[in-house]
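Chemist: The structure file model-v6.cif (mmCIF, C-alpha atoms) is provided below.
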```
data_final
#
loop_
_atom_site.label_atom_id
_atom_site.label_comp_id
_atom_site.auth_asym_id
_atom_site.auth_seq_id
_atom_site.Cartn_x
_atom_site.Cartn_y
_atom_site.Cartn_z
CA MET X 281 3.87 -45.20 -34.20
CA ALA X 282 6.87 -45.33 -31.86
CA GLU X 283 4.76 -47.00 -29.18
CA GLN X 284 3.54 -49.61 -31.64
CA ALA X 285 7.08 -50.28 -32.89
CA ASP X 286 8.26 -50.93 -29.33
CA GLN X 287 5.61 -53.55 -28.64
CA LEU X 288 6.94 -56.97 -27.79
CA GLU X 289 5.86 -59.88 -29.95
CA ARG X 290 5.83 -63.14 -28.02
CA PHE X 291 6.19 -66.42 -29.87
CA ARG X 292 4.11 -69.28 -28.51
CA PRO X 293 6.38 -71.92 -26.92
CA THR X 294 6.11 -75.33 -28.56
CA ASN X 295 8.34 -77.34 -26.26
CA GLY X 296 8.32 -78.36 -22.58
CA ARG X 297 5.09 -76.74 -21.40
CA VAL X 298 3.04 -79.89 -20.81
CA THR X 299 5.99 -81.73 -19.26
CA GLY X 300 6.76 -78.72 -17.07
CA VAL X 301 3.22 -78.40 -15.72
CA LEU X 302 3.04 -82.14 -15.05
CA GLY X 303 6.39 -81.93 -13.27
CA LEU X 304 5.20 -79.12 -11.01
CA LEU X 305 2.00 -81.01 -10.19
CA LEU X 306 4.00 -84.13 -9.36
CA CYS X 307 6.34 -82.18 -7.07
CA GLY X 308 3.36 -80.66 -5.28
CA PHE X 309 1.62 -84.05 -4.94
CA VAL X 310 4.73 -85.71 -3.50
CA GLY X 311 5.23 -82.78 -1.10
CA VAL X 312 1.67 -83.14 0.23
CA LEU X 313 2.11 -86.89 0.71
CA VAL X 314 5.34 -86.34 2.64
CA VAL X 315 3.71 -83.80 4.95
CA VAL X 316 0.67 -85.99 5.62
CA TYR X 317 2.30 -89.37 6.09
CA GLU X 318 5.87 -88.76 7.27
CA PRO X 319 7.29 -87.50 10.59
CA PRO X 320 8.83 -84.01 10.72
CA ALA X 321 12.36 -85.41 10.42
CA VAL X 322 11.44 -86.72 6.96
CA ALA X 323 8.76 -84.20 6.00
CA VAL X 324 10.94 -81.07 6.28
CA PRO X 325 13.78 -82.20 3.96
CA GLY X 326 11.18 -83.90 1.77
CA VAL X 327 9.25 -80.67 1.22
CA LEU X 328 12.47 -78.74 0.62
CA GLY X 329 13.57 -81.36 -1.89
CA CYS X 330 10.25 -81.13 -3.70
CA ALA X 331 10.50 -77.33 -3.76
CA PHE X 332 14.01 -77.56 -5.22
CA ALA X 333 12.82 -80.02 -7.88
CA ALA X 334 9.85 -77.78 -8.72
CA GLY X 335 12.15 -74.78 -9.08
CA PHE X 336 14.46 -76.66 -11.43
CA VAL X 337 11.52 -77.92 -13.50
CA TRP X 338 10.26 -74.35 -13.85
CA LEU X 339 13.68 -73.09 -14.95
CA ALA X 340 14.22 -75.90 -17.45
CA MET X 341 10.73 -76.32 -18.88
CA LEU X 342 8.66 -73.18 -18.28
CA ARG X 343 11.11 -70.27 -18.15
CA PRO X 344 12.49 -70.52 -21.72
CA SER X 345 10.70 -68.18 -24.12
CA VAL X 346 11.24 -66.22 -27.32
CA SER X 347 10.04 -62.67 -27.98
CA ALA X 348 10.96 -59.91 -30.40
CA SER X 349 10.50 -56.21 -30.98
CA SER X 350 11.43 -54.12 -33.97
CA ALA X 351 14.95 -53.70 -32.56
CA GLU X 352 15.88 -56.84 -30.61
CA LEU X 353 15.28 -60.54 -30.13
CA ARG X 354 15.02 -61.85 -26.56
CA LEU X 355 15.83 -65.45 -25.75
CA ARG X 356 15.11 -66.66 -22.22
CA THR X 357 16.94 -69.86 -21.44
CA LEU X 358 17.58 -71.95 -18.34
CA PHE X 359 19.78 -69.48 -16.47
CA GLU X 360 19.91 -66.28 -18.52
CA THR X 361 18.14 -63.83 -20.83
CA VAL X 362 19.92 -62.88 -24.05
CA SER X 363 19.01 -59.67 -25.89
CA ILE X 364 20.25 -59.70 -29.50
CA PRO X 365 20.10 -56.68 -31.84
CA ILE X 366 17.72 -58.12 -34.40
CA ALA X 367 19.48 -56.47 -37.35
CA SER X 368 22.63 -58.50 -36.52
CA ILE X 369 20.90 -61.87 -37.02
CA ASP X 370 22.05 -63.69 -40.15
CA THR X 371 20.68 -67.18 -39.40
CA VAL X 372 17.43 -68.47 -37.90
CA VAL X 373 16.87 -72.23 -37.84
CA VAL X 374 14.34 -74.27 -35.86
CA ARG X 375 15.13 -77.94 -35.41
CA ARG X 376 14.99 -79.57 -31.98
CA TYR X 377 15.58 -76.07 -30.63
CA LEU X 378 15.72 -72.51 -31.98
CA LEU X 379 19.19 -71.59 -33.19
CA VAL X 380 20.08 -67.98 -33.96
CA ARG X 381 23.44 -66.72 -35.19
CA ALA X 382 24.58 -63.12 -34.85
CA GLY X 383 28.04 -61.60 -34.97
CA GLY X 384 29.61 -65.01 -35.50
CA GLN X 385 28.08 -66.41 -32.30
CA LYS X 386 25.32 -69.00 -31.97
CA TYR X 387 22.49 -68.68 -29.46
CA ILE X 388 20.12 -71.52 -28.59
CA CYS X 389 16.68 -71.50 -26.98
CA PRO X 390 14.67 -74.70 -26.37
CA ALA X 391 11.28 -72.92 -26.23
CA ILE X 392 10.65 -73.36 -29.98
CA SER X 393 11.25 -76.74 -31.59
CA ARG X 394 10.06 -79.16 -34.24
CA PRO X 395 8.91 -82.73 -33.57
CA LEU X 396 11.72 -85.22 -34.17
CA ARG X 397 9.91 -86.78 -37.15
CA LYS X 398 9.50 -83.42 -38.88
CA THR X 399 13.09 -82.50 -38.09
CA MET X 400 14.29 -85.68 -39.79
CA ARG X 401 12.12 -84.96 -42.82
CA SER X 402 13.40 -81.41 -43.03
CA GLU X 403 17.05 -82.48 -42.79
CA LEU X 404 16.60 -85.11 -45.50
CA GLY X 405 14.49 -82.87 -47.72
CA TRP X 406 11.54 -85.31 -47.74
CA SER X 407 8.63 -83.81 -49.66
CA GLY X 408 5.95 -86.10 -48.21
CA GLY X 409 3.72 -86.16 -51.29
CA GLY X 410 5.97 -86.91 -54.25
CA GLN X 411 7.56 -90.05 -52.78
CA PHE X 412 11.08 -88.89 -53.51
CA LEU X 413 13.91 -87.17 -51.73
CA GLN X 414 14.86 -83.65 -52.58
CA PRO X 415 18.31 -82.21 -51.83
CA GLY X 416 18.84 -81.61 -48.13
CA VAL X 417 19.31 -78.29 -46.38
CA SER X 418 22.28 -76.43 -47.82
CA GLU X 419 25.20 -75.30 -45.71
CA GLU X 420 24.28 -71.69 -46.54
CA ARG X 421 20.79 -72.25 -45.08
CA LEU X 422 22.23 -73.63 -41.87
CA GLY X 423 24.80 -70.87 -41.79
CA GLY X 424 22.59 -68.63 -43.23
CA GLY X 425 1.95 -53.57 -24.88
CA ASP X 426 2.45 -57.42 -25.84
CA LEU X 427 1.20 -59.25 -28.87
CA GLN X 428 0.56 -62.99 -29.08
CA THR X 429 1.66 -64.12 -32.53
CA GLU X 430 -0.51 -66.32 -34.71
CA VAL X 431 0.17 -68.09 -37.99
CA ALA X 432 -1.56 -66.27 -40.81
CA GLN X 433 -1.39 -69.12 -43.30
CA HIS X 434 -3.12 -72.29 -42.15
CA ASP X 435 -0.74 -74.52 -44.10
CA LEU X 436 2.42 -72.95 -42.61
CA ALA X 437 3.96 -74.87 -39.72
CA TYR X 438 4.50 -72.72 -36.63
CA PRO X 439 8.31 -73.27 -36.51
CA ASP X 440 8.47 -72.10 -40.14
CA PHE X 441 6.44 -69.03 -39.20
CA VAL X 442 8.87 -68.25 -36.36
CA GLU X 443 11.85 -68.54 -38.71
CA GLN X 444 10.26 -66.31 -41.34
CA ARG X 445 8.99 -63.75 -38.84
CA ILE X 446 12.39 -63.27 -37.17
CA GLU X 447 14.10 -63.11 -40.55
CA GLN X 448 11.60 -60.46 -41.70
CA LEU X 449 12.07 -58.38 -38.54
CA ALA X 450 15.85 -58.58 -39.00
CA ALA X 451 15.59 -57.51 -42.65
CA ASP X 452 13.29 -54.61 -41.73
CA ASP X 453 15.65 -53.36 -39.02
CA ARG X 454 18.67 -53.61 -41.35
CA ALA X 455 16.77 -51.55 -43.93
CA ARG X 456 15.90 -48.98 -41.27
CA ARG X 457 19.54 -48.76 -40.17
CA GLY X 458 20.81 -48.69 -43.75
CA ILE X 459 23.10 -51.73 -43.45
CA GLU X 460 23.37 -54.71 -45.77
CA ALA X 461 22.90 -58.37 -44.87
CA ARG X 462 26.15 -60.20 -44.00
CA SER X 463 28.06 -56.93 -44.02
CA GLU X 464 30.76 -55.73 -41.65
CA GLU X 465 28.23 -53.41 -39.99
CA GLU X 466 25.89 -56.32 -39.33
CA TYR X 467 28.73 -58.37 -37.85
CA GLU X 468 29.82 -55.50 -35.58
CA LEU X 469 26.25 -55.02 -34.39
CA GLY X 470 26.35 -58.62 -33.16
CA SER X 471 28.91 -57.59 -30.53
CA GLN X 472 26.20 -55.58 -28.75
CA VAL X 473 24.44 -58.69 -27.46
CA VAL X 474 23.48 -58.36 -23.77
CA ARG X 475 23.35 -61.36 -21.42
CA ARG X 476 21.50 -61.14 -18.12
CA THR X 477 21.88 -63.95 -15.61
CA ALA X 478 18.69 -65.07 -13.84
CA ARG X 479 20.14 -64.16 -10.44
CA LEU X 480 16.88 -64.21 -8.51
CA GLU X 481 15.94 -67.67 -9.76
CA LEU X 482 19.45 -69.00 -9.18
CA GLY X 483 19.48 -67.47 -5.70
CA VAL X 484 16.19 -69.12 -4.74
CA LEU X 485 17.34 -72.47 -6.15
CA THR X 486 20.64 -72.26 -4.28
CA ALA X 487 18.89 -71.34 -1.02
CA LEU X 488 16.56 -74.33 -1.36
CA ALA X 489 19.49 -76.65 -2.01
CA VAL X 490 21.38 -75.36 1.03
CA ALA X 491 18.25 -75.61 3.21
CA PHE X 492 17.70 -79.19 2.03
CA VAL X 493 21.26 -80.21 2.95
CA VAL X 494 21.03 -78.46 6.34
CA ALA X 495 17.71 -80.17 7.08
CA LEU X 496 19.23 -83.57 6.29
CA VAL X 497 22.16 -82.93 8.62
CA VAL X 498 20.25 -81.35 11.50
CA LEU X 499 17.16 -83.55 11.44
#
```
Kindly present the structure from the file in C-alpha cells form.

Modeler:
Amino acid sequence: MAEQADQLERFRPTNGRVTGVLGLLLCGFVGVLVVVYEPPAVAVPGVLGCAFAAGFVWLAMLRPSVSASSAELRLRTLFETVSIPIASIDTVVVRRYLLVRAGGQKYICPAISRPLRKTMRSELGWSGGGQFLQPGVSEERLGGGDLQTEVAQHDLAYPDFVEQRIEQLAADDRARRGIEARSEEEYELGSQVVRRTARLELGVLTALAVAFVVALVVL
C-alpha cells in the first residue's frame, strides 16, 4: 500500500510539445546545412548557435511537466522544479497555463493549458448549447513506479480532469493529515514548498552561449 501511495502520477502535457519537436528538428536541419555548405569559420559558430537554440527550445517547450503523488505536486518549469505539499493547495485553475496557489503564493506551469477559444468561453461562462451567457467564474473560484493519467469520463475535458484530480488529491491528503481546507495549518504547510533550480540545464546552456561567442571572436 505504501509503495502504491508513493507512485507518481504524470499528467499528459497539452501545450508546447508539437512546437518543441518541430523547433528541435529545425535546429538540427539548419545545423546540418551549415556544416555541409559553409566553411569552418561559419560552420563552427553556426552549429554552436543551433545547439544553443535547441537547448532553449527544449527548456521552454519540452521540459515543463506536471506530476503528483499522494503527498506533493511537482511542477517543472523553464528553469526550476517546484515541489508543493499537495495538502497546502487551495486553488487549481487551468486557463492558458496551470495556476496553483498554496500558502498565499501562486505557482504557474505552462505544460497544461486550454485553447484560447475555450478559455474565453470559460471566463465568460458560455454554455455553448443554450445560446445564453451564464455568470462568469467567481472570485472565490479563481482564488479558490509511474502512472500515465487518463480521463475516465469521455465528455470531461482534460484540463477539467487535471483540476479535479489535483483538488481531489489535495482533499485526500488534508483528510489524512487531519487539517481543514483554508485553515491556518494548510497555510503553514504552504511554506514547505521546495524549489530546485535546473542547474545542469542552465550550465549546459551557458556553456554553449560562451562557446558561441568565443567562436565568433576567434574564428

Chemist: Decode the PyMOL selection byres ((chain X and resi 303) around 12) for the given file into explicit residues and return them as a short mmCIF file (atom, residue, chain, number, x, y, z; two decimals) with C-alpha atoms, in the coordinates of the input.

Modeler:
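In the end it all went to part.cif:
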```cif
data_model
loop_
_atom_site.label_atom_id
_atom_site.label_comp_id
_atom_site.auth_asym_id
_atom_site.auth_seq_id
_atom_site.Cartn_x
_atom_site.Cartn_y
_atom_site.Cartn_z
CA GLY X 296 8.32 -78.36 -22.58
CA ARG X 297 5.09 -76.74 -21.40
CA VAL X 298 3.04 -79.89 -20.81
CA THR X 299 5.99 -81.73 -19.26
CA GLY X 300 6.76 -78.72 -17.07
CA VAL X 301 3.22 -78.40 -15.72
CA LEU X 302 3.04 -82.14 -15.05
CA LEU X 304 5.20 -79.12 -11.01
CA LEU X 305 2.00 -81.01 -10.19
CA LEU X 306 4.00 -84.13 -9.36
CA CYS X 307 6.34 -82.18 -7.07
CA GLY X 308 3.36 -80.66 -5.28
CA PHE X 309 1.62 -84.05 -4.94
CA VAL X 310 4.73 -85.71 -3.50
CA CYS X 330 10.25 -81.13 -3.70
CA ALA X 331 10.50 -77.33 -3.76
CA PHE X 332 14.01 -77.56 -5.22
CA ALA X 333 12.82 -80.02 -7.88
CA ALA X 334 9.85 -77.78 -8.72
CA GLY X 335 12.15 -74.78 -9.08
CA PHE X 336 14.46 -76.66 -11.43
CA VAL X 337 11.52 -77.92 -13.50
CA TRP X 338 10.26 -74.35 -13.85
CA LEU X 339 13.68 -73.09 -14.95
CA ALA X 340 14.22 -75.90 -17.45
CA MET X 341 10.73 -76.32 -18.88
CA LEU X 342 8.66 -73.18 -18.28
#
```

Chemist: Hey, what's within 12 Å of range 451-462 of chain X if we count only C-alpha atoms and toss same-chain stuff fewer than 6 positions away? As a VMD selection string, please?

Modeler: chain X and resid 285 348 to 353 365 to 371 381 to 384 420 423 to 424 444 to 445 468 to 470

Chemist: Please identify all polymer residues within 12 Å of Val498 in chain X, counting all atoms listed in the file, omitting same-chain residues fewer than 3 positions from it, and present them as a PyMOL selection string.

Modeler: chain X and resi 320-322+324-325+491-495

Chemist: For each of X:Ala391, X:Val372, X:Leu480, X:Leu313, take the minimum atom-to-atom distance to Arg343 in chain X, counting only C-alpha atoms, then give the residue where this is smallest.

Modeler: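 Of X:Ala391, X:Val372, X:Leu480, X:Leu313, the one nearest Arg343 in chain X is X:Ala391, counting only C-alpha atoms.
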
Chemist: To one decimal place, how far is CA of Pro390 in chain X from CA of Pro293 in chain X in Å?

Modeler: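 Taking CA of Pro390 in chain X and CA of Pro293 in chain X, their separation equals 8.8 Å.
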
Chemist: Find the residues around Val362 in chain X up to 9 Å (all atoms listed in the file counted), leave out those fewer than 4 positions away in its own chain, and share them as a PyMOL selection string.

Modeler: chain X and resi 353-357+387+473-477

Chemist: Using Å and a single decimal, report how far CA of Val312 in chain X sits from CA of Phe359 in chain X.

Modeler: 28.2 Å

Chemist: Mind pulling up the distance from CA of Leu449 in chain X to CA of Ser463 in chain X?

Modeler: 17.0 Å

Chemist: Export range 301-379 of chain X of the preceding structure, keeping C-alpha atoms, as a PDB file, in the first residue's frame.

Modeler:
```pdb
ATOM      1  CA  VAL X 301       9.677  18.910 -31.506  1.00  0.00           C
ATOM      2  CA  LEU X 302       9.411  20.991 -34.684  1.00  0.00           C
ATOM      3  CA  GLY X 303      11.831  23.506 -33.182  1.00  0.00           C
ATOM      4  CA  LEU X 304      14.396  20.815 -32.400  1.00  0.00           C
ATOM      5  CA  LEU X 305      14.081  19.361 -35.907  1.00  0.00           C
ATOM      6  CA  LEU X 306      14.549  22.810 -37.429  1.00  0.00           C
ATOM      7  CA  CYS X 307      17.657  23.463 -35.325  1.00  0.00           C
ATOM      8  CA  GLY X 308      19.107  20.121 -36.389  1.00  0.00           C
ATOM      9  CA  PHE X 309      18.288  20.751 -40.067  1.00  0.00           C
ATOM     10  CA  VAL X 310      19.903  24.203 -40.039  1.00  0.00           C
ATOM     11  CA  GLY X 311      22.965  22.787 -38.251  1.00  0.00           C
ATOM     12  CA  VAL X 312      23.421  20.115 -40.940  1.00  0.00           C
ATOM     13  CA  LEU X 313      23.097  22.704 -43.717  1.00  0.00           C
ATOM     14  CA  VAL X 314      25.716  24.917 -42.076  1.00  0.00           C
ATOM     15  CA  VAL X 315      28.172  22.032 -41.756  1.00  0.00           C
ATOM     16  CA  VAL X 316      27.673  20.889 -45.355  1.00  0.00           C
ATOM     17  CA  TYR X 317      27.673  24.212 -47.170  1.00  0.00           C
ATOM     18  CA  GLU X 318      29.662  26.676 -45.060  1.00  0.00           C
ATOM     19  CA  PRO X 319      33.403  26.975 -44.318  1.00  0.00           C
ATOM     20  CA  PRO X 320      34.652  26.114 -40.816  1.00  0.00           C
ATOM     21  CA  ALA X 321      34.763  29.789 -39.810  1.00  0.00           C
ATOM     22  CA  VAL X 322      30.978  29.918 -40.257  1.00  0.00           C
ATOM     23  CA  ALA X 323      30.106  26.288 -39.538  1.00  0.00           C
ATOM     24  CA  VAL X 324      31.543  26.146 -36.000  1.00  0.00           C
ATOM     25  CA  PRO X 325      29.658  29.157 -34.559  1.00  0.00           C
ATOM     26  CA  GLY X 326      26.643  28.154 -36.643  1.00  0.00           C
ATOM     27  CA  VAL X 327      26.480  24.686 -35.087  1.00  0.00           C
ATOM     28  CA  LEU X 328      27.020  26.123 -31.605  1.00  0.00           C
ATOM     29  CA  GLY X 329      24.245  28.632 -32.213  1.00  0.00           C
ATOM     30  CA  CYS X 330      21.903  25.882 -33.359  1.00  0.00           C
ATOM     31  CA  ALA X 331      22.788  23.807 -30.289  1.00  0.00           C
ATOM     32  CA  PHE X 332      22.055  26.784 -28.032  1.00  0.00           C
ATOM     33  CA  ALA X 333      18.715  27.372 -29.762  1.00  0.00           C
ATOM     34  CA  ALA X 334      17.829  23.682 -29.462  1.00  0.00           C
ATOM     35  CA  GLY X 335      18.656  23.731 -25.751  1.00  0.00           C
ATOM     36  CA  PHE X 336      16.459  26.759 -25.168  1.00  0.00           C
ATOM     37  CA  VAL X 337      13.599  25.211 -27.153  1.00  0.00           C
ATOM     38  CA  TRP X 338      13.835  22.078 -25.018  1.00  0.00           C
ATOM     39  CA  LEU X 339      13.787  24.085 -21.790  1.00  0.00           C
ATOM     40  CA  ALA X 340      10.866  26.262 -22.858  1.00  0.00           C
ATOM     41  CA  MET X 341       8.692  23.750 -24.707  1.00  0.00           C
ATOM     42  CA  LEU X 342       9.572  20.204 -23.652  1.00  0.00           C
ATOM     43  CA  ARG X 343      10.876  20.418 -20.089  1.00  0.00           C
ATOM     44  CA  PRO X 344       7.710  21.763 -18.397  1.00  0.00           C
ATOM     45  CA  SER X 345       5.608  18.988 -16.867  1.00  0.00           C
ATOM     46  CA  VAL X 346       3.133  18.323 -14.072  1.00  0.00           C
ATOM     47  CA  SER X 347       3.082  15.257 -11.829  1.00  0.00           C
ATOM     48  CA  ALA X 348       1.620  14.394  -8.448  1.00  0.00           C
ATOM     49  CA  SER X 349       1.840  11.825  -5.696  1.00  0.00           C
ATOM     50  CA  SER X 350      -0.330  11.391  -2.639  1.00  0.00           C
ATOM     51  CA  ALA X 351       1.831  13.925  -0.777  1.00  0.00           C
ATOM     52  CA  GLU X 352       3.141  16.500  -3.254  1.00  0.00           C
ATOM     53  CA  LEU X 353       2.608  18.226  -6.581  1.00  0.00           C
ATOM     54  CA  ARG X 354       5.647  18.711  -8.832  1.00  0.00           C
ATOM     55  CA  LEU X 355       5.743  21.498 -11.386  1.00  0.00           C
ATOM     56  CA  ARG X 356       8.665  21.556 -13.806  1.00  0.00           C
ATOM     57  CA  THR X 357       9.029  24.928 -15.469  1.00  0.00           C
ATOM     58  CA  LEU X 358      11.623  26.605 -17.668  1.00  0.00           C
ATOM     59  CA  PHE X 359      14.426  26.845 -15.113  1.00  0.00           C
ATOM     60  CA  GLU X 360      13.246  25.079 -11.956  1.00  0.00           C
ATOM     61  CA  THR X 361      11.268  22.261 -10.363  1.00  0.00           C
ATOM     62  CA  VAL X 362       8.788  23.197  -7.635  1.00  0.00           C
ATOM     63  CA  SER X 363       7.600  20.586  -5.120  1.00  0.00           C
ATOM     64  CA  ILE X 364       4.417  21.680  -3.332  1.00  0.00           C
ATOM     65  CA  PRO X 365       2.872  19.814  -0.376  1.00  0.00           C
ATOM     66  CA  ILE X 366      -0.388  18.833  -2.026  1.00  0.00           C
ATOM     67  CA  ALA X 367      -2.447  19.328   1.141  1.00  0.00           C
ATOM     68  CA  SER X 368      -1.492  23.042   1.100  1.00  0.00           C
ATOM     69  CA  ILE X 369      -3.107  23.693  -2.299  1.00  0.00           C
ATOM     70  CA  ASP X 370      -6.276  25.777  -2.086  1.00  0.00           C
ATOM     71  CA  THR X 371      -6.656  26.753  -5.759  1.00  0.00           C
ATOM     72  CA  VAL X 372      -6.187  24.885  -9.038  1.00  0.00           C
ATOM     73  CA  VAL X 373      -7.127  26.690 -12.257  1.00  0.00           C
ATOM     74  CA  VAL X 374      -6.234  25.833 -15.857  1.00  0.00           C
ATOM     75  CA  ARG X 375      -6.508  28.657 -18.360  1.00  0.00           C
ATOM     76  CA  ARG X 376      -3.654  29.438 -20.749  1.00  0.00           C
ATOM     77  CA  TYR X 377      -1.428  27.772 -18.152  1.00  0.00           C
ATOM     78  CA  LEU X 378      -1.858  25.793 -14.929  1.00  0.00           C
ATOM     79  CA  LEU X 379      -2.081  28.050 -11.898  1.00  0.00           C
TER      80      LEU X 379
END
```
